[in-house]
Each structure stands twice: as C-alpha cells, then as structure tokens.
Amino acid sequence: MRILVCDDEENIRNLMKRFLSMEGIDADTAENGLSAERMLRENPYEAVLIDLRMPGLSGLDVIRWMRAEGFRIPVIMISAHGDITDAVTALKQGAQDYIVKPFDPEEVVIRIKSLVEAEGLRRIAENERPDDSGLIGESPEMLSIKRVIAKIAPSQATVLITGESGTGKEVVAREIHRQSKLASGPFVAINIGGVPENLLESELFGYEKGAFTGAVQRKTGLFELAAGGTLFLDEIGDMPLALQVKILRVLQERKIIRLGGTEPIPINARIIAATNKELEKLVLEGTFREDLFYRLNVVRIQLPPLRDRRSDIPVLAAYIVSRYSREMGTKVTGFTPEALEALKNHSFFGNVRELENIIERAIIFADSDTIDADDLDLRASSVHHGTENKNEGNSVCLTLRDAEKMVIIQSLQRWEGNRTQAARELGISRRTLISKIQEYAIEL
C-alpha cells in the first residue's frame with residue numbers, strides 16, 4: 001500500500017511516515033497543496049492524508065482539484081481545528097473521513113486501511129478490476145511482482161516461477177504471456193507431475209507414426225503446439241532425471257526431435273517453468289540437474305504465500321465471491337465485517353486456492369446475500385504445517401502454555417516483530433500481546 005501525506009508541519013509528516021513504515025505502508029510526503037497535486041499526477045496512491053489549512057492551496061482546494069481530475073482514491077482530512085462546520089464541508093467536498101489533531105497515529109492507520117479495503121470492494125462491486133490482468137492485489141509484494149512482469153514480458157527470457165501450492169503460479173505465467181510479444185500465440189500448459197512418466201516424453205516431443213506399438217499416426221508434441229506462443233511447464237521439479245537431459249538440450253539448441261523421428265524441428269516458443277519445490281535442494285540431492293536449473297533460472301519470480309500479503313485478502317475475496325456468485329446463479333454479494341476479519345486472520349496454508357474453496361462453500365451455505373463468519377469453514381487441515389513431529393512418527397504433547405508461547409513467537413517472527421500485525425493475526429489486542437510477551441519473557 002502506498003499513500004500520500006500532505007501537511008505543512010514537518011513533524012507531522014515525519015511522524016506519520018515513520019509510523020506508517022512500521023506498519024508496512026509506503027508513504028510519500030508533501031509540504032503544501034501544489035506539491036501534493038504534482039505528486040498525485042506522477043505517482044499512484046491508494047489514499048491521501050491531508051491537512052485542512054495550509055499556506056497557498058488548502059486541503060479543500062486539493063480535494064476539489066482531485067475530484068475535477070477524476071481521482072477516486074480515499075481522502076482523510078486532518079485539522080487542528082475541531083469545528084464541525086469544517087468537518088461537514090470536507091465530507092461534502094469528497095473526503096471520506098475527518099480527524100482532529102492531536103491524533104493517535106495507530107488510529108489513523110486503522111482508518112486508512114479500512115478505507116482502502118472499502119474502495120477495493122467498491123471497485124469489485126462495480127466490476128472494476130484493480131488492473132486488467134488476473135493478478136488481484138495491491139500489496140507491496142504484488143506490486144513488485146507486477147513491475148517485474150512488466151519488465152520481463154517483452155523479452156523471450158526463460159522464467160522460473162516458485163512458490164507454495166495455490167499461490168497462483170499459472171496466473172503469473174499467463175500474465176507474462178499476455179503482456180509479451182507472443183500474446184497472439186497459444187499458451188500451452190502441462191503439469192509435469194500429473195502425466196505418467198512413460199507418457200511424458202511423447203506429450204512434450206510428439207512422435208512419428210510407427211515410433212512404438214500403438215503409434216498409428218503422427219502426434220504433434222506440446223513444444224510444437226506452443227509455436228509462436230508460450231509453453232508452461234508446471235511442477236518442473238517432478239520431471240524425471242532421464243528427461244531432464246532432453247529438456248536441457250531443447251533450451252540450449254531450441255530444437256526438438258519427435259520420438260521415432262530424425263529431423264530436428266526448430267522451436268519458437270517461450271519456456272516458463274514453475275515449481276513448489278526447492279530446486280536448489282533437489283540439485284544437492286542429485287534429483288535435479290544443476291545445468292538445467294541454471295538454464296531455467298534466467299529470471300526468477302518468487303510468489304509470496306497469501307498469509308504474507310494479508311492486505312490483499314479483502315479484494316481477492318470480493319473478486320472471488322463476485323465470480324462464483326455469477327457462475328452459481330446466486331445473489332451473494334459480499335461479506336460482513338466479522339467474516340472479513342476472520343478471513344484476514346486465517347493462515348491459508350492452501351493460499352488463494354484455499355480461499356476460493358472456502359468462499360465457494362460459504363456461498364452455498366449462506367442464508368442471505370452477505371456471507372457471515374458462521375458461513376466460513378476455517379477448520380485447519382488435518383496435515384497442519386509445523387505441528388507434526390516427524391521423528392519416529394510420535395506426536396509431541398505440548399502444554400497449553402507452551403503451545404500459546406510457540407504460536408506467539410511464530411506470529412511475531414512472521415511479522416518481523418510488528419506487534420500490531422501479530423496481534424491482529426492472533427485475534428487479540430495489541431495490549432494483550434504485549435502482556436503475553438512479558439509473561440513468557442519472549443525476546444526477539
């Protein structure tokens with residue numbers, strides 16, 4: 001998330017920038033209205049925090065200008081004057097909120113996040129996608145990935161996409177294809193792990209008539225079918241060693257030979273591979289060729305798990321419920337605040353795929369046009385990450401106190417010591433979390 005803070009008082013600008021940074025929010029600052037207008041023209045922001053009274057252009061002047069220019073981002077007005085008339089005027093001119101100085105920076109952050117989430121939901125409700133791709137989310141992690149895609153898409157460089165299952169690796173691959181010069185060509189995908197080993201080579205390379213028993217006619221392989229487009233090799237870490245040598249040769253020579261054939265066939269397709277495994281570890285174990293790894297790893301995109309970009313959950317959820325409601329012919333349109341809070345606090349070890357499954361089920365069981373927390377099935381998977389003891393197959397019996405301490409430490413580590421975020425994830429107040437940290441003498 002990126003916002004603009006405009007105030008003629010330097011201490012206010014610095015305070016908010018520092019505090020927002022602690023909360024994982026990027027903030028630019030402007031000391032006057034003219035500077036704010038320039039920065040709004042030059043940069044994309046998700047919200048604006050602006051002082052009411054400043055030398056030159058006032059906060060109200062900037063709001064009027066924003067509305068005239070078509071900016072539809074949330075605005076919070078701040079002022080040292082608690083006059084109700086000022087508040088009413090600001091809200092009428094287009095501000096979404098009004099805060100009187102002195103204010104609690106933490107409260108300001110809460111309001112900013114709430115407004116940004118509401119804006120994302122509004123855009124989805126009006127069938128306005130955050131962008132025209134399949135990549136939903138405006139978190140810093142997703143914005144970084146979108147920037148990388150925009151840079152690499154015009155080239156034909158081989159790309160390796162890594163990340164946990166369900167994070168959207170194929171979505172990213174399709175977006176690279178969509179933005180590339182090969183967009184008019186085919187996008188051909190194959191899940192390596194889903195094809196029997198004895199059939200995989202013929203699927204990729206094709207074969208000539210009579211190449212083996214049952215080959216009654218020529219078969220065109222996926223490398224050829226993807227000509228002029230993109231071939232997506234999903235779960236590349238599952239590729240048999242014997243076939244890895246042939247894939248390496250294709251990447252080096254850009255040619256294939258069908259099974260039973262003798263003539264090299266030029267390959268004019270971009271190769272994108274993906275895996276949820278650690279290929280470096282497989283290389284050390286001897287199950288994945290090092291030279292193939294380096295050929296695939298020209299450009300690497302690491303997708304973060306959904307639990308590491310929780311700010312995207314509300315917009316993702318809104319998009320998913322809108323899509324499934326249309327497909328299923330229901331009138332479910334959104335979530336209660338309690339349901340959204342429950343989703344944001346869930347760990348989602350199954351990532352976006354798990355979120356889709358939860359919402360699809362909730363739509364079926366919802367009794368109204370709004371999904372409530374009771375409609376969500378957030379029960380943990382029977383294979384819970386990090387809680388199994390795999391030593392000799394015996395489970396460890398933890399005391400409630402030890403379990404609570406472990407969960408708190410993991411949450412704090414996940415949020416790099418950010419107590420506000422950790423408390424939100426744990427479903428407790430920040431004050432309670434601090435008390436627990438002191439009680440268990442947790443050191444970070």
# chains A, B, ... in the order shown; residues from 1 in each chain; ligands from 1
$ select_by_dssp --residues "stretch 269-329 of chain A" --states "strand (DSSP E or B)" --output "ChimeraX atom specification"
/A:270-275,299-302
$ residues_around --residues "stretch 151-161 of chain A" --least-positions-apart "3" --cutoff "6 Å" --atoms "only C-alpha atoms" --output "PyMOL selection string"
chain A and resi 148+176+179-181+270-274+296-302
$ atom_distance --atom1 "atom CA of A:Ala318" --atom2 "atom CA of A:Phe19"
28.6 Å
$ select_by_dssp --residues "stretch 21-220 of chain A" --states "helix (DSSP H, G or I)" --output "PyMOL selection string"
chain A and resi 21-22+33-42+59-69+84-93+105-125+140-152+169-179+192-194+197-205
$ atom_distance --atom1 "atom CA of A:Asp51" --atom2 "atom CA of A:Ile78"
4.7 Å
$ residues_around --residues "A:Gln421" --least-positions-apart "6" --cutoff "10 Å" --atoms "only C-alpha atoms" --output "NGL selection string"
:A and (22-24 or 310 or 345 or 411-412 or 414-415 or 427 or 430)
$ atom_distance --atom1 "atom CA of A:Gly260" --atom2 "atom CA of A:Leu243"
15.8 Å
